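So the structure is just underneath, and the comments pick up after that.
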Amino acid sequence: MQDSQETHIPNHLEEIVAAVSIRPGKNIEVKLPQTVLFQPPREKLHLCEEKAKSYSSRHEYKQAIQELVRCVALTRICYGDCHWKLAEAYVNLAQGYLQLKGLSLQAKQHAEKAKEILSNSIVPPYNDNTDVFRCSVELFHTMGRALLSLQKFKEAAENLKKAERLSKELLQCGRIEKEEWVELQAQIKVSFAQMYQGQKKSKAALPHYQEALEYMETSKGQKSLECVPVLRELAGVEQALKRHDAAINHFLQAHLILLSSEPSEEEAALSAHRVAHAALASGRPEHHDVAEQYFQESLASLKEAEGTGRAKFLSIQDEYCHFLQVTGQEERATSILSKSLEAKVGVFGDLSPEVAETYRLLSEADLAQGNHSGAHKKLNKLSWRKVMVACSGTVARGWSQVVGQSRDVDKDREPTALGNSECLQIQTLLYGPQDKRTLSTQQALDVLSKAPEMAVKLRPAPKARPAFCTGAAQHPTAPGKARPHAAD
């Protein structure tokens, strides 16, 4: 994972150069007002900090990072190379790379730079260094989260413990208010929970998530949007521990909080889908009504969507069909799947895994209803589609090169002469004989070939035999050779 992070370093350096360079954007006039040109550095620093917050709230992460880089440069100008304010600017930049871009290695590097600066800032007397210690809490927490993302769990735990211990000491000494401490505790507890969850220790993660939620509700309120991600992560841990009732309740609580903030149709749909998915995952009949209700709510929100929303609608619709099959509503599920084929071809393409999966589900429905011929036909399409996803373009180009004329790829999609065994052979060559798709298709075709109605259809037709004739064969005789006898 660290190697993948290192590939981003050149881009990271380019962003810093671009950020500190004085180059006007497309929408900014070249001639800036004198009030901007001669603005004191500290005013510019305050302006950059406000811009960074604004860009971040609007999810314009590239611009936010650029403003944070400018903050580092301006802070150095205003306070020098050894001031705790410069360390704070590096911590903010590290948080930006971690939260906004997910670049953990860069965040770790900036946090290390901040730690170096802070170590030179803490000098006797220590009575007036509250801001330095507060900055240290943020530093240790940010470093811990960066190391957590790099899966260095032991080092992450050490930094998170330092942040927790130092924040508690600041509270006991009266250096920070209780409200600020509670807010810090909520963030630190979430990081601890994520650390344990990253190690697949759900039991250890659960109490930390519960404490984080309590602190979050105390500091932000029970209806705060900031509680939503904590509730969702807590629900995920409850699911991992097979505590499905609690998981559904947490997802439902997060959904209700989200709806109170007037979200977009897509956000509301995905939130409702989480509730439905949790209810379906429980496998309990008492949760079927909840799953039905929130599947319907999710699909209704996305029904008129376009683009990516349309793709999500079809994906959720497939999961809803699976729910219908589980609850014994096979005919309804089959009807929805059949009607969705045309839309899936339009959104994903004719030769796509989504369309192939729909054919597989429809073939299972046909097989369950005893329609062996329909199941065999759909499996034939499925098997050929899997091959043609990789091969259709190559076949078309090869045809053009060999015969000198273009060939419509659509002609390669539904072969009528290609038998199932031949499809399976190509599938074996493409995916390998032990691939689950190959084995699944082989098993289905073996079952179908044993059905009486398919045995008749798949039986090879007898070769035409020449009519028996007792007379001499009517072969022309070469000059100089005797006529052969009929018995020969």
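Lettering and numbering for the structure tokens are positional, with chains as A, B, ... in the shown order, residues counted from 1 in each chain, and ligands counted from 1 in the shown order.
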
If we count only C-alpha atoms, what is near Ala276 (chain A) at a cut-off of 6 Å, once residues fewer than 6 positions away on the same chain are taken out, given as a PyMOL selection string? chain A and resi 291+294-295

Restricting the output to N, CA, C and O atoms, write the selected residues as a CSV table (one decimal), in the first residue's frame.
chain,number,residue,atom,x,y,z
A,291,ALA,N,-37.4,-4.6,4.7
A,291,ALA,CA,-36.6,-4.7,3.5
A,291,ALA,C,-37.5,-4.2,2.3
A,291,ALA,O,-37.1,-3.4,1.4
A,294,TYR,N,-38.1,-0.3,2.4
A,294,TYR,CA,-37.0,0.6,2.0
A,294,TYR,C,-36.4,0.3,0.7
A,294,TYR,O,-35.8,1.2,0.1
A,295,PHE,N,-36.6,-0.9,0.1
A,295,PHE,CA,-36.3,-1.1,-1.3
A,295,PHE,C,-37.2,-0.3,-2.2
A,295,PHE,O,-36.7,0.4,-3.1

Hey, which bits of region 180-202 of chain A sit within 12 Å of region 148-154 of chain A, and for each residue what's the closest pair of atoms and how far apart in Å (one decimal), counting only C-alpha atoms, rows by chain and increasing number, as JSON lines?
{"residue": "A:Val190", "atom": "CA", "partner": "A:Leu148", "partner_atom": "CA", "distance": 11.9}
{"residue": "A:Ser191", "atom": "CA", "partner": "A:Leu148", "partner_atom": "CA", "distance": 8.3}
{"residue": "A:Phe192", "atom": "CA", "partner": "A:Leu148", "partner_atom": "CA", "distance": 9.3}
{"residue": "A:Ala193", "atom": "CA", "partner": "A:Leu148", "partner_atom": "CA", "distance": 10.9}
{"residue": "A:Gln194", "atom": "CA", "partner": "A:Leu148", "partner_atom": "CA", "distance": 8.2}
{"residue": "A:Met195", "atom": "CA", "partner": "A:Leu148", "partner_atom": "CA", "distance": 6.3}
{"residue": "A:Tyr196", "atom": "CA", "partner": "A:Phe153", "partner_atom": "CA", "distance": 8.6}
{"residue": "A:Gln197", "atom": "CA", "partner": "A:Leu148", "partner_atom": "CA", "distance": 10.7}
{"residue": "A:Gly198", "atom": "CA", "partner": "A:Gln151", "partner_atom": "CA", "distance": 7.8}
{"residue": "A:Gln199", "atom": "CA", "partner": "A:Phe153", "partner_atom": "CA", "distance": 8.1}
{"residue": "A:Lys200", "atom": "CA", "partner": "A:Phe153", "partner_atom": "CA", "distance": 11.8}

The selected residues should be written to file as a PDB file, in the first residue's frame (atoms: N, CA, C and O atoms).
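Below is the file part06.pdb, written as the result:
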ATOM      1  N   VAL A 190     -13.419   7.283  17.402  1.00  0.00           N
ATOM      2  CA  VAL A 190     -13.707   6.765  16.056  1.00  0.00           C
ATOM      3  C   VAL A 190     -12.441   6.180  15.433  1.00  0.00           C
ATOM      4  O   VAL A 190     -12.469   5.110  14.818  1.00  0.00           O
ATOM      5  N   SER A 191     -11.319   6.881  15.605  1.00  0.00           N
ATOM      6  CA  SER A 191     -10.056   6.386  15.044  1.00  0.00           C
ATOM      7  C   SER A 191      -9.641   5.074  15.694  1.00  0.00           C
ATOM      8  O   SER A 191      -9.156   4.153  15.014  1.00  0.00           O
ATOM      9  N   PHE A 192      -9.806   4.959  17.017  1.00  0.00           N
ATOM     10  CA  PHE A 192      -9.513   3.691  17.693  1.00  0.00           C
ATOM     11  C   PHE A 192     -10.400   2.570  17.141  1.00  0.00           C
ATOM     12  O   PHE A 192      -9.921   1.454  16.888  1.00  0.00           O
ATOM     13  N   ALA A 193     -11.676   2.862  16.978  1.00  0.00           N
ATOM     14  CA  ALA A 193     -12.611   1.848  16.466  1.00  0.00           C
ATOM     15  C   ALA A 193     -12.211   1.409  15.059  1.00  0.00           C
ATOM     16  O   ALA A 193     -12.225   0.208  14.742  1.00  0.00           O
ATOM     17  N   GLN A 194     -11.844   2.367  14.211  1.00  0.00           N
ATOM     18  CA  GLN A 194     -11.425   2.034  12.853  1.00  0.00           C
ATOM     19  C   GLN A 194     -10.143   1.214  12.848  1.00  0.00           C
ATOM     20  O   GLN A 194      -9.956   0.345  11.987  1.00  0.00           O
ATOM     21  N   MET A 195      -9.265   1.492  13.804  1.00  0.00           N
ATOM     22  CA  MET A 195      -8.026   0.712  13.904  1.00  0.00           C
ATOM     23  C   MET A 195      -8.337  -0.755  14.210  1.00  0.00           C
ATOM     24  O   MET A 195      -7.793  -1.670  13.577  1.00  0.00           O
ATOM     25  N   TYR A 196      -9.219  -0.995  15.175  1.00  0.00           N
ATOM     26  CA  TYR A 196      -9.579  -2.373  15.509  1.00  0.00           C
ATOM     27  C   TYR A 196     -10.359  -3.034  14.373  1.00  0.00           C
ATOM     28  O   TYR A 196     -10.159  -4.222  14.083  1.00  0.00           O
ATOM     29  N   GLN A 197     -11.216  -2.272  13.732  1.00  0.00           N
ATOM     30  CA  GLN A 197     -11.986  -2.832  12.627  1.00  0.00           C
ATOM     31  C   GLN A 197     -11.066  -3.184  11.463  1.00  0.00           C
ATOM     32  O   GLN A 197     -11.298  -4.180  10.758  1.00  0.00           O
ATOM     33  N   GLY A 198     -10.019  -2.379  11.254  1.00  0.00           N
ATOM     34  CA  GLY A 198      -9.050  -2.690  10.203  1.00  0.00           C
ATOM     35  C   GLY A 198      -8.297  -3.975  10.460  1.00  0.00           C
ATOM     36  O   GLY A 198      -7.782  -4.604   9.532  1.00  0.00           O
ATOM     37  N   GLN A 199      -8.221  -4.376  11.720  1.00  0.00           N
ATOM     38  CA  GLN A 199      -7.582  -5.645  12.090  1.00  0.00           C
ATOM     39  C   GLN A 199      -8.600  -6.774  12.250  1.00  0.00           C
ATOM     40  O   GLN A 199      -8.264  -7.828  12.798  1.00  0.00           O
ATOM     41  N   LYS A 200      -9.832  -6.547  11.794  1.00  0.00           N
ATOM     42  CA  LYS A 200     -10.907  -7.542  11.886  1.00  0.00           C
ATOM     43  C   LYS A 200     -11.235  -7.904  13.328  1.00  0.00           C
ATOM     44  O   LYS A 200     -11.618  -9.037  13.632  1.00  0.00           O
TER      45      LYS A 200
END

Check the smallest atom-to-atom distance from each of A:Leu362, A:Leu45, A:Val237, A:Val290 to Cys78 (chain A) using only C-alpha atoms, then report the winner.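 Smallest separation from Cys78 (chain A) among the options: A:Leu45.
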
Interatomic distance between CA of Leu74 (chain A) and CA of Pro41 (chain A)?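 Separating CA of Leu74 (chain A) from CA of Pro41 (chain A) is a distance of 6.4 Å.
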